[in-house]
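S.K.: My questions will all concern the structure given below.
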Amino acid sequence: MESTDALTAIFTRRSIRRFSPRPIDGHTQEILLRAAFAAPASENAQTRRFIVIAQRDRLDQLPALHPSAGPAREAPLAILLCCDTSASPQTVFWPQDCAAAAENLMLAARALGIGSLWCGIHPVEAREQAFMKAFGLPGMVRPAGLVLLGYPLQDFFEENRYDPHLVRSDTWTRAYETEY
Ligand SMILES: Cc1cc2nc3c(=O)[nH]c(=O)nc-3n(C[C@H](O)[C@H](O)[C@H](O)COP(=O)(O)O)c2cc1C
C-alpha cells in the first residue's frame with residue numbers, strides 16, 4: 001500500500017468536503033483505526049472507543065445530527081470517536097485524548113490518499129445528546145467528535161500558516177528569532 005511520508009501528510013492534510021463513492025476497504029479501515037489507537041493518551045488509559053459507520057442509511061442520518069455533516073451523504077465512511085469515562089473514572093483529559101486520536105486518524109488517512117473532515121461534537125451539549133441518542137451510547141460513553149472519510153474529489157494542498165510573530169522565546173515578552 002502506497003503512502004506519503006509523515007511531513008508531507010502533515011503539511012498537505014486539508015479538510016475535505018467532497019468525496020468519491022469509492023469504498024474504503026477493511027484493511028485500510030484497520031490501518032486508520034490502528035493509527036487512532038496509536039495516539040498518545042493521558043496516563044495511557046485506553047478509554048477511547050470508536051464506532052465505524054459504513055452503512056449508507058446510517059451515514060445519510062449524520063447531517064441531521066451535525067450541522068457540518070452534509071458531506072456524509074457522499075462519504076463512504078465515518079468514525080465516531082468516543083470516550084468510555086468508566087474505563088478511567090478520574091480522567092479529565094479525555095477530550096484531548098480523543099483529539100489526538102482524531103488527528104492521528106486524519107494524518108494516516110492523508111498519507112493513504114484519503115480525505116477527512118473533523119466535525120466537532122464535545123463540548124456542544126446539544127450535539128453530544130443527539131449522537132448519544134442516535135448511536136445508543138450509555139451515559140458514561142461521551143462522543144467527542146465525528147470524522148468523515150473518503151477518497152477526495154478535491155485536491156490536497158499545502159497552506160503555510162507558520163508565523164514566527166506568534167512564537168515567543170523562553171518567556172512571553174521575548175520575540176522568537178531564528179536565522180532560518
Ligand atoms: C476540534 C475541531 C472541530 C471541528 N469542527 C468542525 C465542524 O464542526 N465543521 C467543519 O466543517 N469543520 C470542523 N473542523 C475543521 C476546521 O474547520 C478546519 O480544520 C480548519 O478550517 C482548517 O482547515 P484545514 O483542516 O483544511 O487545515 C473542526 C476542527 C477541529 C480541530
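Naming works like this for the C-alpha cells: A, B, ... for the chains as they're shown, residue 1 at the start of each chain, ligands 1 onward in shown order.
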Using only C-alpha atoms, determine which residues lie at most 12 Å from region 34-44 of chain A, disregarding the query and same-chain residues fewer than 6 positions distant; provide the list as a PDB file with C-alpha atoms, in the first residue's frame.
M.R.:
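Written out: result_21.pdb:
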```
ATOM      1  CA  HIS A  27      -7.666  -3.477   5.537  1.00  0.00           C
ATOM      2  CA  THR A  28      -7.405   0.290   5.082  1.00  0.00           C
ATOM      3  CA  PHE A  50     -14.725   4.077  18.026  1.00  0.00           C
ATOM      4  CA  ILE A  79     -15.827   7.243  12.532  1.00  0.00           C
ATOM      5  CA  LEU A  80     -17.393   8.471  15.754  1.00  0.00           C
ATOM      6  CA  LEU A  81     -14.762   8.960  18.445  1.00  0.00           C
ATOM      7  CA  CYS A  82     -15.992   8.402  21.985  1.00  0.00           C
ATOM      8  CA  CYS A  83     -14.612   8.070  25.482  1.00  0.00           C
ATOM      9  CA  ALA A  87     -12.726   2.869  31.981  1.00  0.00           C
ATOM     10  CA  SER A  88     -10.747   5.556  33.842  1.00  0.00           C
ATOM     11  CA  GLN A  90     -10.500  10.009  37.200  1.00  0.00           C
ATOM     12  CA  THR A  91      -9.869  11.042  33.606  1.00  0.00           C
ATOM     13  CA  VAL A  92     -10.109  14.761  32.922  1.00  0.00           C
ATOM     14  CA  PHE A  93      -8.111  14.773  29.690  1.00  0.00           C
ATOM     15  CA  TRP A  94     -10.422  12.593  27.602  1.00  0.00           C
ATOM     16  CA  PRO A  95     -11.288  15.366  25.091  1.00  0.00           C
ATOM     17  CA  GLN A  96      -7.590  15.803  24.341  1.00  0.00           C
ATOM     18  CA  ASP A  97      -7.091  12.024  24.168  1.00  0.00           C
ATOM     19  CA  CYS A  98      -9.834  11.817  21.549  1.00  0.00           C
ATOM     20  CA  ALA A  99      -8.472  14.852  19.711  1.00  0.00           C
ATOM     21  CA  ALA A 100      -5.034  13.241  19.470  1.00  0.00           C
ATOM     22  CA  ALA A 101      -6.648  10.080  18.101  1.00  0.00           C
ATOM     23  CA  ALA A 102      -8.656  12.097  15.579  1.00  0.00           C
ATOM     24  CA  GLU A 103      -5.545  13.873  14.312  1.00  0.00           C
ATOM     25  CA  ASN A 104      -3.606  10.602  14.018  1.00  0.00           C
ATOM     26  CA  LEU A 105      -6.523   9.093  12.119  1.00  0.00           C
ATOM     27  CA  MET A 106      -6.730  12.032   9.714  1.00  0.00           C
ATOM     28  CA  LEU A 107      -2.984  12.142   9.097  1.00  0.00           C
ATOM     29  CA  ALA A 108      -2.909   8.411   8.386  1.00  0.00           C
ATOM     30  CA  ALA A 109      -5.844   8.938   6.041  1.00  0.00           C
ATOM     31  CA  ARG A 110      -3.997  11.720   4.226  1.00  0.00           C
ATOM     32  CA  ALA A 111      -0.886   9.544   3.945  1.00  0.00           C
ATOM     33  CA  LEU A 112      -3.037   6.932   2.182  1.00  0.00           C
ATOM     34  CA  VAL A 147     -14.574  12.188  11.310  1.00  0.00           C
TER      35      VAL A 147
END
```
S.K.: Could you list the protein, DNA and RNA residues that have any atom within 8 Å of ligand 1, counting only C-alpha atoms and all ligand atoms, and write them as a PyMOL selection string?
M.R.: chain A and resi 13-17+66-69+99+117-121+145+159
S.K.: Keeping N, CA and C atoms for every residue in the selection just given, could you write it to a file as a PDB file, in the first residue's frame?
M.R.:
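Output (selection-v3.pdb):
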```pdb
ATOM      1  N   ARG A  13      -2.445  17.863   4.627  1.00  0.00           N
ATOM      2  CA  ARG A  13      -3.792  17.454   5.057  1.00  0.00           C
ATOM      3  C   ARG A  13      -4.701  18.679   5.029  1.00  0.00           C
ATOM      4  N   ARG A  14      -5.821  18.555   4.401  1.00  0.00           N
ATOM      5  CA  ARG A  14      -6.817  19.630   4.371  1.00  0.00           C
ATOM      6  C   ARG A  14      -8.169  19.029   4.722  1.00  0.00           C
ATOM      7  N   SER A  15      -9.051  19.843   5.258  1.00  0.00           N
ATOM      8  CA  SER A  15     -10.424  19.385   5.457  1.00  0.00           C
ATOM      9  C   SER A  15     -11.052  19.163   4.090  1.00  0.00           C
ATOM     10  N   ILE A  16     -11.586  17.982   3.888  1.00  0.00           N
ATOM     11  CA  ILE A  16     -12.163  17.593   2.597  1.00  0.00           C
ATOM     12  C   ILE A  16     -13.678  17.479   2.763  1.00  0.00           C
ATOM     13  N   ARG A  17     -14.397  18.103   1.846  1.00  0.00           N
ATOM     14  CA  ARG A  17     -15.859  18.110   1.956  1.00  0.00           C
ATOM     15  C   ARG A  17     -16.552  17.570   0.709  1.00  0.00           C
ATOM     16  N   HIS A  66     -25.605  16.753  12.889  1.00  0.00           N
ATOM     17  CA  HIS A  66     -24.489  17.699  12.972  1.00  0.00           C
ATOM     18  C   HIS A  66     -24.576  18.689  11.810  1.00  0.00           C
ATOM     19  N   PRO A  67     -24.452  19.994  12.088  1.00  0.00           N
ATOM     20  CA  PRO A  67     -24.649  20.995  11.029  1.00  0.00           C
ATOM     21  C   PRO A  67     -23.618  20.950   9.899  1.00  0.00           C
ATOM     22  N   SER A  68     -22.446  20.332  10.160  1.00  0.00           N
ATOM     23  CA  SER A  68     -21.400  20.293   9.128  1.00  0.00           C
ATOM     24  C   SER A  68     -21.290  18.941   8.447  1.00  0.00           C
ATOM     25  N   ALA A  69     -22.170  18.019   8.809  1.00  0.00           N
ATOM     26  CA  ALA A  69     -22.009  16.646   8.320  1.00  0.00           C
ATOM     27  C   ALA A  69     -22.706  16.384   6.986  1.00  0.00           C
ATOM     28  N   ALA A  99      -8.962  13.944  20.750  1.00  0.00           N
ATOM     29  CA  ALA A  99      -8.472  14.852  19.711  1.00  0.00           C
ATOM     30  C   ALA A  99      -7.168  14.327  19.109  1.00  0.00           C
ATOM     31  N   LEU A 117     -12.837  14.913   7.240  1.00  0.00           N
ATOM     32  CA  LEU A 117     -13.406  16.135   7.811  1.00  0.00           C
ATOM     33  C   LEU A 117     -13.769  15.871   9.267  1.00  0.00           C
ATOM     34  N   TRP A 118     -13.220  16.681  10.151  1.00  0.00           N
ATOM     35  CA  TRP A 118     -13.492  16.580  11.583  1.00  0.00           C
ATOM     36  C   TRP A 118     -14.719  17.428  11.880  1.00  0.00           C
ATOM     37  N   CYS A 119     -15.738  16.812  12.407  1.00  0.00           N
ATOM     38  CA  CYS A 119     -16.948  17.517  12.824  1.00  0.00           C
ATOM     39  C   CYS A 119     -16.987  17.495  14.356  1.00  0.00           C
ATOM     40  N   GLY A 120     -16.821  18.661  14.958  1.00  0.00           N
ATOM     41  CA  GLY A 120     -16.724  18.740  16.408  1.00  0.00           C
ATOM     42  C   GLY A 120     -18.052  18.425  17.104  1.00  0.00           C
ATOM     43  N   ILE A 121     -17.976  17.666  18.167  1.00  0.00           N
ATOM     44  CA  ILE A 121     -19.180  17.339  18.965  1.00  0.00           C
ATOM     45  C   ILE A 121     -19.023  17.898  20.383  1.00  0.00           C
ATOM     46  N   GLY A 145     -16.088  13.513  18.876  1.00  0.00           N
ATOM     47  CA  GLY A 145     -16.043  14.092  17.535  1.00  0.00           C
ATOM     48  C   GLY A 145     -16.356  13.040  16.495  1.00  0.00           C
ATOM     49  N   GLU A 159      -0.856  24.664   2.946  1.00  0.00           N
ATOM     50  CA  GLU A 159      -1.207  26.036   3.319  1.00  0.00           C
ATOM     51  C   GLU A 159      -0.243  26.452   4.413  1.00  0.00           C
TER      52      GLU A 159
END
```
S.K.: As an exercise, work out the distance from CA of Phe11 (chain A) to CA of Pro63 (chain A) in Å and give it to one decimal place.
M.R.: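 For CA of Phe11 (chain A) relative to CA of Pro63 (chain A), the distance reads 28.4 Å.
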S.K.: Name the residues of chain A that fall into strand (DSSP E or B) according to DSSP on the backbone, using the chain letters and numbers of this document, as JSON, numbers by chain.
M.R.: {"A": [15, 19, 48, 49, 50, 51, 52, 53, 77, 78, 79, 80, 81, 82, 83, 84, 115, 116, 117, 118, 119, 120, 141, 142, 143, 144, 145, 146, 147, 148, 149, 150, 152, 168, 175]}
S.K.: Please produce an output containing C-alpha atoms for each residue in the selection, written as a PDB file, in the first residue's frame.
M.R.:
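Result file is selection_38.pdb:
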```
ATOM      1  CA  SER A  15     -10.424  19.385   5.457  1.00  0.00           C
ATOM      2  CA  PHE A  19     -15.893  12.592  -1.572  1.00  0.00           C
ATOM      3  CA  ARG A  48     -11.193   5.696  23.560  1.00  0.00           C
ATOM      4  CA  ARG A  49     -13.967   3.878  21.756  1.00  0.00           C
ATOM      5  CA  PHE A  50     -14.725   4.077  18.026  1.00  0.00           C
ATOM      6  CA  ILE A  51     -17.907   3.493  16.072  1.00  0.00           C
ATOM      7  CA  VAL A  52     -17.190   2.734  12.411  1.00  0.00           C
ATOM      8  CA  ILE A  53     -20.135   3.942  10.344  1.00  0.00           C
ATOM      9  CA  LEU A  77     -17.151   6.006   5.895  1.00  0.00           C
ATOM     10  CA  ALA A  78     -17.308   7.950   9.132  1.00  0.00           C
ATOM     11  CA  ILE A  79     -15.827   7.243  12.532  1.00  0.00           C
ATOM     12  CA  LEU A  80     -17.393   8.471  15.754  1.00  0.00           C
ATOM     13  CA  LEU A  81     -14.762   8.960  18.445  1.00  0.00           C
ATOM     14  CA  CYS A  82     -15.992   8.402  21.985  1.00  0.00           C
ATOM     15  CA  CYS A  83     -14.612   8.070  25.482  1.00  0.00           C
ATOM     16  CA  ASP A  84     -15.791   5.425  27.925  1.00  0.00           C
ATOM     17  CA  GLY A 115      -9.649  12.830   2.726  1.00  0.00           C
ATOM     18  CA  SER A 116     -11.217  13.602   6.083  1.00  0.00           C
ATOM     19  CA  LEU A 117     -13.406  16.135   7.811  1.00  0.00           C
ATOM     20  CA  TRP A 118     -13.492  16.580  11.583  1.00  0.00           C
ATOM     21  CA  CYS A 119     -16.948  17.517  12.824  1.00  0.00           C
ATOM     22  CA  GLY A 120     -16.724  18.740  16.408  1.00  0.00           C
ATOM     23  CA  VAL A 141     -19.750   6.985  27.000  1.00  0.00           C
ATOM     24  CA  ARG A 142     -19.198  10.515  25.709  1.00  0.00           C
ATOM     25  CA  PRO A 143     -18.993  11.343  21.993  1.00  0.00           C
ATOM     26  CA  ALA A 144     -16.030  13.636  21.290  1.00  0.00           C
ATOM     27  CA  GLY A 145     -16.043  14.092  17.535  1.00  0.00           C
ATOM     28  CA  LEU A 146     -17.022  12.659  14.196  1.00  0.00           C
ATOM     29  CA  VAL A 147     -14.574  12.188  11.310  1.00  0.00           C
ATOM     30  CA  LEU A 148     -15.927  11.782   7.785  1.00  0.00           C
ATOM     31  CA  LEU A 149     -13.641   9.835   5.448  1.00  0.00           C
ATOM     32  CA  GLY A 150     -13.415   9.104   1.754  1.00  0.00           C
ATOM     33  CA  PRO A 152     -11.344  13.098  -2.156  1.00  0.00           C
ATOM     34  CA  ARG A 168       7.961  33.585  21.945  1.00  0.00           C
ATOM     35  CA  ALA A 175      10.274  37.619  20.442  1.00  0.00           C
TER      36      ALA A 175
END
```
S.K.: What does the structure give for the distance between CA of Phe135 (chain A) and CA of Gln61 (chain A), in Å to one decimal?
M.R.: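 Calculated distance between CA of Phe135 (chain A) and CA of Gln61 (chain A) is 10.8 Å.
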